[in-house]
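Visitor: Got a structure for you, input_31.cif, holding mmCIF, C-alpha atoms.
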data_query
#
loop_
_atom_site.label_atom_id
_atom_site.label_comp_id
_atom_site.auth_asym_id
_atom_site.auth_seq_id
_atom_site.Cartn_x
_atom_site.Cartn_y
_atom_site.Cartn_z
CA MET X 1 0.00 0.00 0.00
CA HIS X 2 1.54 3.28 -1.09
CA ALA X 3 1.39 6.31 1.12
CA LEU X 4 -0.45 9.29 -0.24
CA PRO X 5 1.84 12.12 -1.35
CA VAL X 6 2.05 14.93 1.12
CA ARG X 7 1.24 18.34 -0.30
CA LYS X 8 3.36 21.13 1.02
CA THR X 9 1.26 23.87 2.54
CA GLN X 10 2.25 27.49 2.43
CA THR X 11 2.59 29.57 5.55
CA SER X 12 0.70 32.79 6.05
CA LEU X 13 3.69 34.73 4.69
CA SER X 14 3.86 32.68 1.49
CA LEU X 15 1.70 34.54 -1.00
CA PRO X 16 0.82 33.35 -4.50
CA LEU X 17 2.64 34.71 -7.52
CA HIS X 18 -0.28 36.90 -8.54
CA GLY X 19 0.50 38.96 -5.44
CA ALA X 20 3.28 40.69 -7.39
CA PRO X 21 0.97 42.59 -9.80
CA LEU X 22 -1.20 43.56 -6.82
CA ILE X 23 1.85 45.02 -5.06
CA LEU X 24 2.73 47.06 -8.14
CA ALA X 25 -0.84 48.32 -8.43
CA VAL X 26 -0.91 49.41 -4.78
CA ALA X 27 2.49 51.07 -5.14
CA PHE X 28 1.32 52.94 -8.22
CA ALA X 29 -1.91 54.12 -6.56
CA LEU X 30 -0.19 55.36 -3.39
CA ARG X 31 2.45 57.27 -5.30
CA LEU X 32 0.01 58.74 -7.79
CA VAL X 33 -2.26 60.02 -5.00
CA PHE X 34 0.74 61.52 -3.21
CA VAL X 35 2.03 63.31 -6.32
CA LEU X 36 -1.39 64.60 -7.35
CA PHE X 37 -2.41 65.93 -3.93
CA THR X 38 0.92 67.03 -2.44
CA PRO X 39 2.77 70.10 -3.74
CA PRO X 40 6.49 69.62 -4.45
CA ASN X 41 9.01 70.72 -1.84
CA ILE X 42 12.00 72.11 -3.73
CA SER X 43 13.27 74.63 -1.20
CA GLY X 44 16.98 74.33 -0.55
CA GLY X 45 17.44 71.31 -2.83
CA ASP X 46 19.11 70.50 -6.14
CA THR X 47 15.91 70.23 -8.18
CA LEU X 48 15.89 73.62 -9.91
CA GLY X 49 19.61 73.47 -10.65
CA LEU X 50 19.32 70.00 -12.17
CA MET X 51 16.41 71.10 -14.34
CA GLN X 52 18.26 74.19 -15.53
CA TYR X 53 21.50 72.34 -16.32
CA GLY X 54 19.54 69.57 -18.01
CA LEU X 55 17.64 71.94 -20.29
CA GLU X 56 20.84 73.78 -21.23
CA LEU X 57 22.66 70.52 -21.95
CA VAL X 58 19.91 69.14 -24.17
CA ARG X 59 19.54 72.42 -26.06
CA GLY X 60 23.30 72.74 -26.50
CA GLN X 61 23.31 75.99 -24.52
CA ALA X 62 25.65 74.96 -21.69
CA ALA X 63 28.10 77.86 -21.52
CA GLN X 64 30.40 76.07 -19.08
CA ALA X 65 31.53 72.47 -18.83
CA VAL X 66 28.91 70.19 -17.26
CA THR X 67 30.79 68.24 -14.60
CA LEU X 68 27.77 66.39 -13.24
CA PRO X 69 26.93 62.87 -14.44
CA PRO X 70 24.80 63.45 -17.55
CA LEU X 71 22.03 60.85 -17.63
CA TYR X 72 19.61 62.51 -15.22
CA LEU X 73 20.34 65.93 -16.72
CA ILE X 74 19.54 64.63 -20.20
CA TYR X 75 16.39 62.99 -18.86
CA VAL X 76 15.01 66.11 -17.16
CA GLY X 77 16.09 68.21 -20.14
CA VAL X 78 14.23 66.03 -22.63
CA VAL X 79 11.11 66.03 -20.44
CA GLN X 80 11.17 69.83 -20.33
CA VAL X 81 11.64 70.07 -24.09
CA ILE X 82 8.56 67.88 -24.55
CA PHE X 83 6.32 69.24 -21.77
CA GLY X 84 7.65 72.76 -21.32
CA GLU X 85 10.23 74.41 -19.10
CA ALA X 86 10.05 73.84 -15.35
CA SER X 87 7.52 71.04 -15.93
CA LEU X 88 7.65 69.72 -12.38
CA THR X 89 4.27 68.01 -12.70
CA ALA X 90 5.36 65.91 -15.68
CA LEU X 91 8.58 64.92 -13.96
CA ARG X 92 6.78 63.94 -10.76
CA LEU X 93 4.23 61.86 -12.66
CA LEU X 94 7.04 60.08 -14.47
CA ASN X 95 8.67 59.55 -11.08
CA VAL X 96 5.63 57.48 -10.12
CA LEU X 97 6.54 55.04 -12.91
CA TRP X 98 10.20 55.02 -11.91
CA SER X 99 9.23 54.31 -8.32
CA VAL X 100 6.95 51.44 -9.34
CA ALA X 101 9.81 50.09 -11.47
CA LEU X 102 11.97 50.19 -8.33
CA VAL X 103 9.41 48.03 -6.49
CA GLY X 104 9.55 45.57 -9.38
CA THR X 105 13.34 45.40 -9.39
CA ILE X 106 13.41 44.90 -5.62
CA TYR X 107 10.96 42.02 -6.02
CA THR X 108 13.12 40.45 -8.72
CA ALA X 109 16.36 40.92 -6.77
CA ALA X 110 14.92 39.50 -3.54
CA ASN X 111 13.40 36.57 -5.47
CA ALA X 112 16.73 35.77 -7.12
CA TYR X 113 18.78 35.79 -3.93
CA PHE X 114 16.29 34.75 -1.22
CA GLY X 115 13.19 33.29 -2.86
CA LYS X 116 9.61 34.22 -3.69
CA ARG X 117 8.33 34.73 -0.15
CA ALA X 118 11.14 37.12 0.68
CA ALA X 119 10.52 38.91 -2.63
CA LEU X 120 6.82 39.47 -1.95
CA ILE X 121 7.47 40.72 1.57
CA ALA X 122 10.29 43.05 0.48
CA ALA X 123 8.16 44.43 -2.35
CA TRP X 124 5.27 45.12 0.04
CA LEU X 125 7.62 46.85 2.49
CA VAL X 126 8.77 49.21 -0.26
CA ALA X 127 5.32 49.66 -1.83
CA ILE X 128 3.72 51.02 1.37
CA ASN X 129 6.85 52.70 2.74
CA PRO X 130 6.23 56.45 3.18
CA ILE X 131 9.92 57.22 2.68
CA PHE X 132 9.78 55.75 -0.83
CA ILE X 133 6.35 57.26 -1.52
CA ILE X 134 7.64 60.74 -0.70
CA GLU X 135 10.70 60.09 -2.85
CA ALA X 136 8.38 59.56 -5.84
CA GLY X 137 7.49 63.25 -5.60
CA GLN X 138 11.09 64.44 -5.44
CA VAL X 139 12.74 65.52 -8.69
CA LEU X 140 16.23 64.29 -7.86
CA THR X 141 18.72 61.79 -9.27
CA GLU X 142 17.67 58.98 -6.90
CA SER X 143 14.41 58.46 -8.81
CA VAL X 144 16.35 57.14 -11.82
CA PHE X 145 19.52 55.93 -10.10
CA LEU X 146 17.85 53.44 -7.75
CA PRO X 147 15.87 51.49 -10.40
CA LEU X 148 19.03 51.25 -12.52
CA MET X 149 21.27 50.09 -9.66
CA ILE X 150 18.76 47.64 -8.16
CA GLY X 151 17.87 46.59 -11.71
CA ALA X 152 21.51 45.59 -12.27
CA LEU X 153 21.46 43.60 -9.02
CA ALA X 154 18.17 41.97 -10.00
CA LEU X 155 19.29 41.01 -13.51
CA HIS X 156 22.64 39.72 -12.30
CA GLY X 157 20.93 37.69 -9.59
CA HIS X 158 18.33 36.34 -12.00
CA LEU X 159 21.05 35.22 -14.43
CA THR X 160 23.48 33.72 -11.92
CA GLN X 161 21.08 32.07 -9.45
CA ARG X 162 18.97 29.99 -11.81
CA GLY X 163 21.58 27.26 -12.36
CA LYS X 164 21.86 27.73 -16.14
CA PRO X 165 24.98 28.62 -18.16
CA LEU X 166 25.61 32.35 -18.34
CA THR X 167 26.63 33.88 -21.66
CA ALA X 168 28.67 36.98 -22.37
CA ARG X 169 25.70 38.44 -24.26
CA GLN X 170 23.57 38.25 -21.12
CA VAL X 171 26.26 39.86 -18.96
CA VAL X 172 26.43 42.78 -21.37
CA TRP X 173 23.04 43.99 -20.16
CA VAL X 174 24.25 44.05 -16.56
CA GLY X 175 27.17 46.19 -17.73
CA VAL X 176 24.78 48.55 -19.51
CA LEU X 177 22.64 49.03 -16.39
CA LEU X 178 25.70 49.61 -14.21
CA GLY X 179 27.08 52.08 -16.73
CA LEU X 180 23.82 54.03 -16.85
CA ALA X 181 23.67 54.03 -13.03
CA SER X 182 27.20 55.48 -12.89
CA LEU X 183 26.23 58.16 -15.39
CA THR X 184 23.39 59.08 -13.04
CA ARG X 185 25.38 59.07 -9.79
CA ALA X 186 29.18 58.92 -10.04
CA ILE X 187 29.27 57.27 -6.62
CA ALA X 188 28.56 53.97 -8.40
CA LEU X 189 31.72 53.97 -10.52
CA ALA X 190 33.45 51.08 -8.70
CA LEU X 191 30.36 48.84 -8.36
CA PRO X 192 31.33 46.48 -11.25
CA ILE X 193 34.18 45.13 -9.10
CA ILE X 194 31.60 43.51 -6.79
CA PHE X 195 29.78 41.91 -9.71
CA ALA X 196 33.08 40.65 -11.17
CA ALA X 197 34.02 39.08 -7.82
CA HIS X 198 30.68 37.28 -7.72
CA LEU X 199 31.21 35.96 -11.25
CA VAL X 200 34.54 34.49 -10.15
CA TRP X 201 32.82 32.73 -7.25
CA CYS X 202 30.03 31.41 -9.48
CA TYR X 203 32.01 30.32 -12.54
CA ARG X 204 35.66 30.05 -11.50
CA ARG X 205 37.84 29.79 -14.66
CA ARG X 206 34.92 30.40 -17.00
CA ALA X 207 34.39 33.81 -15.39
CA LEU X 208 37.19 35.55 -17.30
CA ARG X 209 35.21 35.91 -20.53
CA LEU X 210 32.12 37.02 -18.60
CA ILE X 211 34.06 39.63 -16.63
CA ALA X 212 35.60 40.93 -19.85
CA ALA X 213 32.14 41.34 -21.39
CA LEU X 214 30.89 43.11 -18.25
CA MET X 215 33.82 45.50 -17.93
CA ILE X 216 34.12 46.34 -21.63
CA THR X 217 30.43 47.14 -21.90
CA TYR X 218 30.53 49.17 -18.70
CA ALA X 219 33.59 51.11 -19.88
CA LEU X 220 32.04 51.87 -23.27
CA VAL X 221 28.90 53.30 -21.64
CA VAL X 222 30.75 55.41 -19.06
CA LEU X 223 33.57 56.59 -21.32
CA ALA X 224 31.11 57.80 -23.96
CA TRP X 225 30.46 60.80 -21.66
CA THR X 226 34.20 61.16 -21.02
CA ALA X 227 34.83 61.41 -24.75
CA TYR X 228 32.00 63.91 -25.20
CA GLY X 229 33.29 66.13 -22.40
CA TYR X 230 36.82 66.09 -23.79
CA VAL X 231 35.74 66.91 -27.34
CA ARG X 232 33.28 69.64 -26.35
CA TRP X 233 34.93 71.31 -23.35
CA GLY X 234 38.47 69.96 -23.37
CA ILE X 235 38.14 68.40 -19.90
CA PHE X 236 38.78 64.82 -18.82
CA MET X 237 36.38 63.28 -16.32
CA ILE X 238 35.02 59.82 -15.69
CA GLY X 239 31.35 59.85 -14.72
CA GLY X 240 31.47 63.30 -13.22
CA ALA X 241 33.28 65.55 -10.77
CA GLY X 242 32.57 66.09 -7.09
CA LEU X 243 34.22 63.18 -5.29
CA ALA X 244 37.20 65.32 -4.26
CA ALA X 245 34.88 67.99 -2.86
CA ASN X 246 32.96 65.36 -0.87
CA PHE X 247 36.26 63.96 0.42
CA TYR X 248 37.22 67.45 1.58
CA LEU X 249 33.80 68.03 3.17
CA GLY X 250 34.30 64.85 5.17
CA THR X 251 37.29 66.44 6.93
CA ASN X 252 35.52 69.58 8.19
CA GLU X 253 32.13 71.03 9.01
CA GLY X 254 30.43 69.66 5.92
CA TRP X 255 28.20 71.24 3.28
CA CYS X 256 27.24 74.91 3.52
CA GLY X 257 26.54 75.72 -0.13
CA PRO X 258 28.85 75.82 -3.18
CA GLU X 259 30.08 79.37 -2.67
CA CYS X 260 30.58 78.81 1.05
CA VAL X 261 32.59 75.61 0.51
CA ASP X 262 34.82 77.27 -2.10
CA GLN X 263 35.38 80.23 0.22
CA ARG X 264 36.22 77.93 3.13
CA ALA X 265 38.75 76.12 0.93
CA GLY X 266 40.21 79.41 -0.30
CA ILE X 267 39.25 78.75 -3.90
CA GLY X 268 38.88 81.87 -6.03
CA VAL X 269 38.23 82.70 -9.66
CA GLU X 270 41.92 82.38 -10.43
CA ASP X 271 41.82 78.70 -9.34
CA GLU X 272 39.34 77.62 -12.01
CA GLY X 273 40.05 74.06 -13.10
CA LYS X 274 42.11 73.30 -9.98
CA ASN X 275 39.24 72.68 -7.57
CA ASP X 276 39.71 68.92 -7.23
CA GLN X 277 43.46 69.31 -6.67
CA ILE X 278 42.94 71.93 -3.95
CA TYR X 279 40.15 69.95 -2.25
CA THR X 280 42.28 66.79 -2.18
CA GLN X 281 45.35 68.60 -0.85
CA LEU X 282 43.39 70.32 1.92
CA ALA X 283 41.70 67.04 2.89
CA PHE X 284 45.01 65.20 3.30
CA GLU X 285 46.45 68.11 5.25
CA ALA X 286 43.49 67.98 7.64
CA ILE X 287 43.86 64.22 8.08
CA ARG X 288 47.61 64.44 8.73
CA SER X 289 47.18 67.23 11.28
CA ASP X 290 44.56 65.38 13.34
CA PRO X 291 44.10 61.72 12.31
CA LEU X 292 42.18 60.68 15.43
CA GLY X 293 39.88 63.68 15.13
CA TYR X 294 39.28 62.81 11.49
CA VAL X 295 38.33 59.22 12.34
CA ALA X 296 35.99 60.39 15.11
CA ARG X 297 34.42 62.98 12.79
CA ARG X 298 33.84 60.45 10.03
CA LEU X 299 32.36 57.82 12.34
CA GLY X 300 30.08 60.40 13.96
CA ASN X 301 28.91 61.75 10.60
CA LEU X 302 28.28 58.26 9.21
CA LEU X 303 26.37 57.17 12.33
CA GLU X 304 24.24 60.31 12.34
CA ALA X 305 23.38 59.96 8.65
CA SER X 306 22.57 56.27 9.12
CA LEU X 307 20.16 56.85 12.00
CA GLN X 308 18.36 59.83 10.46
CA PRO X 309 15.47 58.78 8.18
CA HIS X 310 15.53 60.13 4.66
CA ASN X 311 12.84 62.65 3.64
CA THR X 312 11.94 64.00 7.10
CA VAL X 313 13.00 67.40 5.72
CA PHE X 314 10.06 67.18 3.33
CA PHE X 315 7.74 68.22 6.17
CA GLY X 316 9.90 71.09 7.39
CA GLY X 317 9.51 72.71 10.79
CA GLU X 318 11.17 71.58 13.99
CA SER X 319 13.35 68.50 13.95
CA LEU X 320 11.69 65.60 15.77
CA LYS X 321 15.12 64.27 16.69
CA GLU X 322 16.23 67.60 18.16
CA LEU X 323 12.99 67.97 20.12
CA PHE X 324 13.41 64.49 21.60
CA LEU X 325 17.09 65.00 22.45
CA THR X 326 16.31 68.34 24.11
CA TRP X 327 13.57 66.72 26.20
CA TRP X 328 15.81 63.76 27.08
CA THR X 329 18.78 65.88 28.16
CA THR X 330 16.95 68.70 29.97
CA ASP X 331 13.55 67.47 31.15
CA ARG X 332 12.46 63.82 30.84
CA SER X 333 9.11 64.64 32.42
CA VAL X 334 5.74 63.45 31.15
CA VAL X 335 4.53 67.04 30.87
CA GLY X 336 7.67 68.08 29.01
CA PHE X 337 7.19 65.27 26.52
CA GLY X 338 4.17 67.18 25.28
CA SER X 339 6.53 69.52 23.43
CA VAL X 340 7.71 66.53 21.42
CA LEU X 341 4.18 65.34 20.67
CA ASN X 342 3.19 68.86 19.59
CA GLY X 343 6.17 69.23 17.27
CA ASP X 344 5.67 70.08 13.60
CA ALA X 345 4.29 67.12 11.60
CA PHE X 346 4.91 64.79 14.56
CA LEU X 347 2.91 61.79 13.27
CA PRO X 348 4.22 61.82 9.67
CA LYS X 349 7.80 62.15 10.89
CA LEU X 350 7.27 59.44 13.50
CA THR X 351 6.00 57.14 10.74
CA LEU X 352 9.22 57.71 8.79
CA TYR X 353 11.27 56.85 11.89
CA ILE X 354 9.28 53.65 12.43
CA PHE X 355 9.79 52.47 8.85
CA HIS X 356 13.44 53.54 8.87
CA PHE X 357 14.44 51.77 12.07
CA GLY X 358 12.25 48.78 11.22
CA ALA X 359 14.19 48.38 7.98
CA LEU X 360 17.54 48.72 9.78
CA VAL X 361 16.70 46.20 12.52
CA LEU X 362 15.01 43.61 10.29
CA GLY X 363 17.54 44.15 7.52
CA ALA X 364 20.45 43.62 9.91
CA LEU X 365 18.76 40.45 11.18
CA GLY X 366 18.26 39.15 7.65
CA SER X 367 21.86 39.90 6.67
CA VAL X 368 23.22 38.10 9.75
CA LEU X 369 20.95 35.09 9.17
CA GLY X 370 22.06 35.00 5.55
CA MET X 371 25.73 34.90 6.54
CA PHE X 372 25.67 32.47 9.44
CA ARG X 373 22.48 30.39 9.60
CA TRP X 374 21.77 30.10 5.88
CA ARG X 375 25.43 30.49 4.80
CA LEU X 376 24.45 32.50 1.74
CA PHE X 377 27.06 35.24 1.91
CA TRP X 378 28.85 34.29 -1.30
CA GLN X 379 25.65 33.42 -3.10
CA ALA X 380 24.21 36.84 -2.23
CA LEU X 381 27.56 38.64 -2.48
CA PRO X 382 26.25 41.43 -4.76
CA LEU X 383 23.70 42.47 -2.11
CA TYR X 384 26.22 42.38 0.73
CA GLY X 385 28.90 43.98 -1.41
CA VAL X 386 26.82 46.93 -2.60
CA LEU X 387 25.52 47.55 0.93
CA LEU X 388 29.05 47.62 2.37
CA TYR X 389 30.24 49.65 -0.61
CA PHE X 390 28.03 52.62 0.23
CA TYR X 391 28.97 52.59 3.90
CA ALA X 392 32.67 52.21 3.12
CA LEU X 393 32.67 55.10 0.64
CA HIS X 394 30.78 57.39 2.98
CA SER X 395 33.14 56.58 5.80
CA LEU X 396 35.56 58.66 3.68
CA LEU X 397 33.17 61.01 1.87
CA THR X 398 30.67 63.24 3.65
CA ALA X 399 27.43 61.45 4.53
CA ILE X 400 23.84 62.67 4.71
CA PRO X 401 20.62 60.59 4.80
CA ARG X 402 20.03 61.20 1.09
CA TYR X 403 23.46 59.80 0.16
CA LEU X 404 22.75 56.63 2.16
CA PHE X 405 19.20 56.28 0.83
CA PRO X 406 20.22 53.59 -1.72
CA THR X 407 21.02 51.31 1.22
CA ALA X 408 17.36 51.47 2.32
CA ALA X 409 16.31 49.32 -0.63
CA LEU X 410 18.99 46.75 0.24
CA TRP X 411 18.05 46.68 3.93
CA LEU X 412 14.44 45.98 2.92
CA ILE X 413 15.50 43.05 0.75
CA PHE X 414 17.29 41.56 3.75
CA ALA X 415 14.25 42.42 5.90
CA GLY X 416 12.08 40.44 3.49
CA ALA X 417 14.40 37.46 3.94
CA ALA X 418 14.23 37.78 7.73
CA LEU X 419 10.42 37.92 7.76
CA ALA X 420 10.18 35.03 5.29
CA GLY X 421 11.97 32.93 7.88
CA ARG X 422 14.00 30.84 5.49
CA SER X 423 16.86 31.13 3.03
CA LEU X 424 15.60 30.06 -0.39
CA SER X 425 12.15 28.98 -1.52
CA GLU X 426 12.10 25.58 -3.20
CA ASN X 427 9.75 26.91 -5.87
CA ARG X 428 11.58 30.15 -6.58
CA ASP X 429 10.02 32.10 -9.41
CA ASP X 430 12.55 32.59 -12.21
CA GLN X 431 10.60 35.32 -13.97
CA THR X 432 11.47 38.99 -13.68
CA LEU X 433 8.86 41.69 -13.48
#
Using structure tokens, write down the structure that the file contains.
Guide:
Amino acid sequence: MHALPVRKTQTSLSLPLHGAPLILAVAFALRLVFVLFTPPNISGGDTLGLMQYGLELVRGQAAQAVTLPPLYLIYVGVVQVIFGEASLTALRLLNVLWSVALVGTIYTAANAYFGKRAALIAAWLVAINPIFIIEAGQVLTESVFLPLMIGALALHGHLTQRGKPLTARQVVWVGVLLGLASLTRAIALALPIIFAAHLVWCYRRRALRLIAALMITYALVVLAWTAYGYVRWGIFMIGGAGLAANFYLGTNEGWCGPECVDQRAGIGVEDEGKNDQIYTQLAFEAIRSDPLGYVARRLGNLLEASLQPHNTVFFGGESLKELFLTWWTTDRSVVGFGSVLNGDAFLPKLTLYIFHFGALVLGALGSVLGMFRWRLFWQALPLYGVLLYFYALHSLLTAIPRYLFPTAALWLIFAGAALAGRSLSENRDDQTL
């Protein structure tokens, strides 16, 4: 007598595949409502400058060399040519689509590295996350950079985790995505090294041809802008300028505006073209004069930027963190806590803190489980590598919550794995969104 086959039952966290389109629909609706009913907050940001530079670049009217990475500038410039100058509404509506694409790439990446259950949970966490919803209304480089960077992680994971031979032609598309991400934010310039290391782990000797395809494609995409800048303005730059200035800012009080930073560094009109050299020299001088102070300053800046949720500045008014610290250090009474509760936009800001610290705690748990209990560090090396990459870079460069925002998507992928409660689903979905 044969035993009846046992059907595996799904837990409450294991949702069917059709949950993915539902997540995208909810993400789209939440972001569309936010954009349509919330006015943009562009005070003190880079939005207007990016739009102006983008329009000038597309129209061929840039009087000076454009030292910013070009992709986002070209994008906002083209949108303004089509929909009219200063078309914030069109850009914000397009951001809704970019943000939904980010949810899709996070689903695909989490599915490739941790399985379907983790993917569905991670996608839900991003879809309803107010930090990401607010970001959909911000006209800044992150709206395009994040889908490209996570898209590269997702495609690489999809190709390398499914147990099928990987071809150079397939790797080319990962190189294209990484190249476009680097032309959006120059901070991503060294990311291909992580992907190359993972290819070595996956394919050993066969990885050489794949790495060559990845690096050549990546170089062709990035150096196209280098060639354009040299021919048009006679300057040589890879991706864009600004890393030297951020290195210098990491050794002192930080950002205070472009004119203020130049003045602090003693850069005048006569020093045009020597900015990076001066910034680098001053940074090394500051480090040599007080190495322990530099280390303490960098660790403090990185910790502060890591613990501060992104997009709290959208609401303006008093800082919830400052109100709480003032109460904690000077009062600590129940009555005094009322000043915290009555702070500007207390509930919306509190919601951002809850989602932010929830992602950090659950993400840290998922990353630790992946390394030690599930032993998936090398299998999920691109996720670990990119996460550490951003923290390592900003331990040297100046850090603010916006610069660390790309790590939020990675923490939520690890959080999805932690909440799924297992390493890899046996019936992992091999389809991308």
Visitor: Between X:Pro40, X:Gly137, X:Gly157, X:Pro21, which one has atoms that come closest to X:Leu381, using all atoms listed in the file?
Guide: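 Using all atoms listed in the file, the shortest distance to X:Leu381 belongs to X:Gly157.
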Visitor: Hey, what comes out of the PyMOL selection byres ((chain X and resi 306) around 9) on this file? Could you write it as a PyMOL selection string?
Guide: chain X and resi 301-305+307-309+399-401+404-405
Visitor: Work out how far apart atom CA of X:Glu142 and atom CA of X:Leu178 are and give it in Å to one decimal.
Guide: 14.3 Å
Visitor: So what do you get for atom CA of X:Leu191 versus atom CA of X:Leu223, distance-wise?
Guide: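 Computed distance, atom CA of X:Leu191 to atom CA of X:Leu223, equals 15.4 Å.
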Visitor: Given the file shown, determine the residues that the PyMOL selection byres ((chain X and resi 235) around 12) selects; report them as a list of chain:residue names.
Guide: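 In the shown coordinates, the PyMOL selection byres ((chain X and resi 235) around 12) covers X:Gln64, X:Ala65, X:Val66, X:Thr67, X:Trp225, X:Thr226, X:Ala227, X:Tyr228, X:Gly229, X:Tyr230, X:Val231, X:Arg232, X:Trp233, X:Gly234, X:Phe236, X:Met237, X:Ile238, X:Gly240, X:Ala241, X:Gly273, X:Lys274.
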Visitor: Need to verify the contact set: X:Ala123, 8 Å, only C-alpha atoms, exclusion of same-chain residues closer than 3 positions in sequence. Can you return it as a PDB file with C-alpha atoms, keeping the file's coordinate frame?
Guide:
ATOM      1  CA  ALA X  20       3.280  40.690  -7.390  1.00  0.00           C
ATOM      2  CA  ILE X  23       1.850  45.020  -5.060  1.00  0.00           C
ATOM      3  CA  VAL X 103       9.410  48.030  -6.490  1.00  0.00           C
ATOM      4  CA  GLY X 104       9.550  45.570  -9.380  1.00  0.00           C
ATOM      5  CA  ILE X 106      13.410  44.900  -5.620  1.00  0.00           C
ATOM      6  CA  TYR X 107      10.960  42.020  -6.020  1.00  0.00           C
ATOM      7  CA  ALA X 119      10.520  38.910  -2.630  1.00  0.00           C
ATOM      8  CA  LEU X 120       6.820  39.470  -1.950  1.00  0.00           C
ATOM      9  CA  VAL X 126       8.770  49.210  -0.260  1.00  0.00           C
ATOM     10  CA  ALA X 127       5.320  49.660  -1.830  1.00  0.00           C
TER      11      ALA X 127
END
Visitor: Which residues are near X:Trp411? Cut-off 8 Å, all atoms listed in the file, ignore same chain within fewer than 3 positions. Put them as a list in words.
Guide: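 The filter keeps Ala359, Leu360, Leu362, Gly363, Ala364, Thr407, Ala408, Phe414 and Ala415 of chain X.
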Visitor: Closest to X:Leu393 among X:Val26, X:Ala186, X:Val33, X:Val144, using only C-alpha atoms?
Guide: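 For X:Leu393, the nearest of the given residues is X:Ala186.
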Visitor: X:Gly45: which residues within 12 Å, counting only C-alpha atoms, same-chain residues fewer than 2 positions away excluded, as a JSON list (two decimals) with C-alpha atoms, keeping the file's coordinate frame?
Guide:
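Output (selection29.json):
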[["chain", "number", "residue", "atom", "x", "y", "z"],
["X", 40, "PRO", "CA", 6.49, 69.62, -4.45],
["X", 41, "ASN", "CA", 9.01, 70.72, -1.84],
["X", 42, "ILE", "CA", 12.00, 72.11, -3.73],
["X", 43, "SER", "CA", 13.27, 74.63, -1.20],
["X", 47, "THR", "CA", 15.91, 70.23, -8.18],
["X", 48, "LEU", "CA", 15.89, 73.62, -9.91],
["X", 49, "GLY", "CA", 19.61, 73.47, -10.65],
["X", 50, "LEU", "CA", 19.32, 70.00, -12.17],
["X", 51, "MET", "CA", 16.41, 71.10, -14.34],
["X", 138, "GLN", "CA", 11.09, 64.44, -5.44],
["X", 139, "VAL", "CA", 12.74, 65.52, -8.69],
["X", 140, "LEU", "CA", 16.23, 64.29, -7.86],
["X", 141, "THR", "CA", 18.72, 61.79, -9.27],
["X", 257, "GLY", "CA", 26.54, 75.72, -0.13],
["X", 311, "ASN", "CA", 12.84, 62.65, 3.64],
["X", 313, "VAL", "CA", 13.00, 67.40, 5.72],
["X", 314, "PHE", "CA", 10.06, 67.18, 3.33],
["X", 402, "ARG", "CA", 20.03, 61.20, 1.09]]
Visitor: To one decimal in Å, tell me the separation between atom CA of X:Leu350 and atom CA of X:Ile121.
Guide: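 Rounded to one decimal, the two atoms are 22.2 Å apart.
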Visitor: If the PyMOL selection byres ((chain X and resi 173) around 9) is run on the structure shown, which residues does it catch, given as a VMD selection string?
Guide: chain X and resid 152 155 to 156 169 to 172 174 to 178 214 217
Visitor: So, with all atoms listed in the file as the atoms that count, which of X:Gly60, X:Pro39, X:Ala207, X:Ile133 lies closest to X:Ala168?
Guide: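 Ranked by minimum distance to X:Ala168, first place goes to X:Ala207.
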Visitor: With a distance cut-off of 12 Å and all atoms listed in the file, select the neighbouring residues of X:Leu243, excluding the residue or stretch itself and same-chain residues fewer than 3 positions from it, and output the selection as a PyMOL selection string.
Guide: chain X and resi 67-69+185-189+237-240+246-250+275-277+279-280+283+393-394+396-398
Visitor: Which residue out of X:Phe145, X:Phe284, X:Trp327, X:Phe357 has the minimum interatomic distance to X:Ser182 when all atoms listed in the file are used?
Guide: X:Phe145
Visitor: As lines of an AutoDock Vina configuration file, what would the box around stretch 384-403 of chain X look like: edges along x, y and z, 4 Å added on every side, centre and edge lengths in Å to one decimal?
Guide:
center_x = 27.8
center_y = 52.8
center_z = 1.6
size_x = 23.5
size_y = 28.9
size_z = 16.4
Visitor: Just want the 9 Å neighbourhood of X:Pro348, counted on only C-alpha atoms, with same-chain residues fewer than 4 positions away dropped. Output as a ChimeraX atom specification.
Guide: /X:130,312,315,352-353
Visitor: Find the residue from X:Leu88, X:Leu148, X:Ala197, X:Leu71 that sits nearest to X:Ala224; use only C-alpha atoms when measuring.
Guide: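 Of X:Leu88, X:Leu148, X:Ala197, X:Leu71, the one nearest X:Ala224, counting only C-alpha atoms, is X:Leu71.
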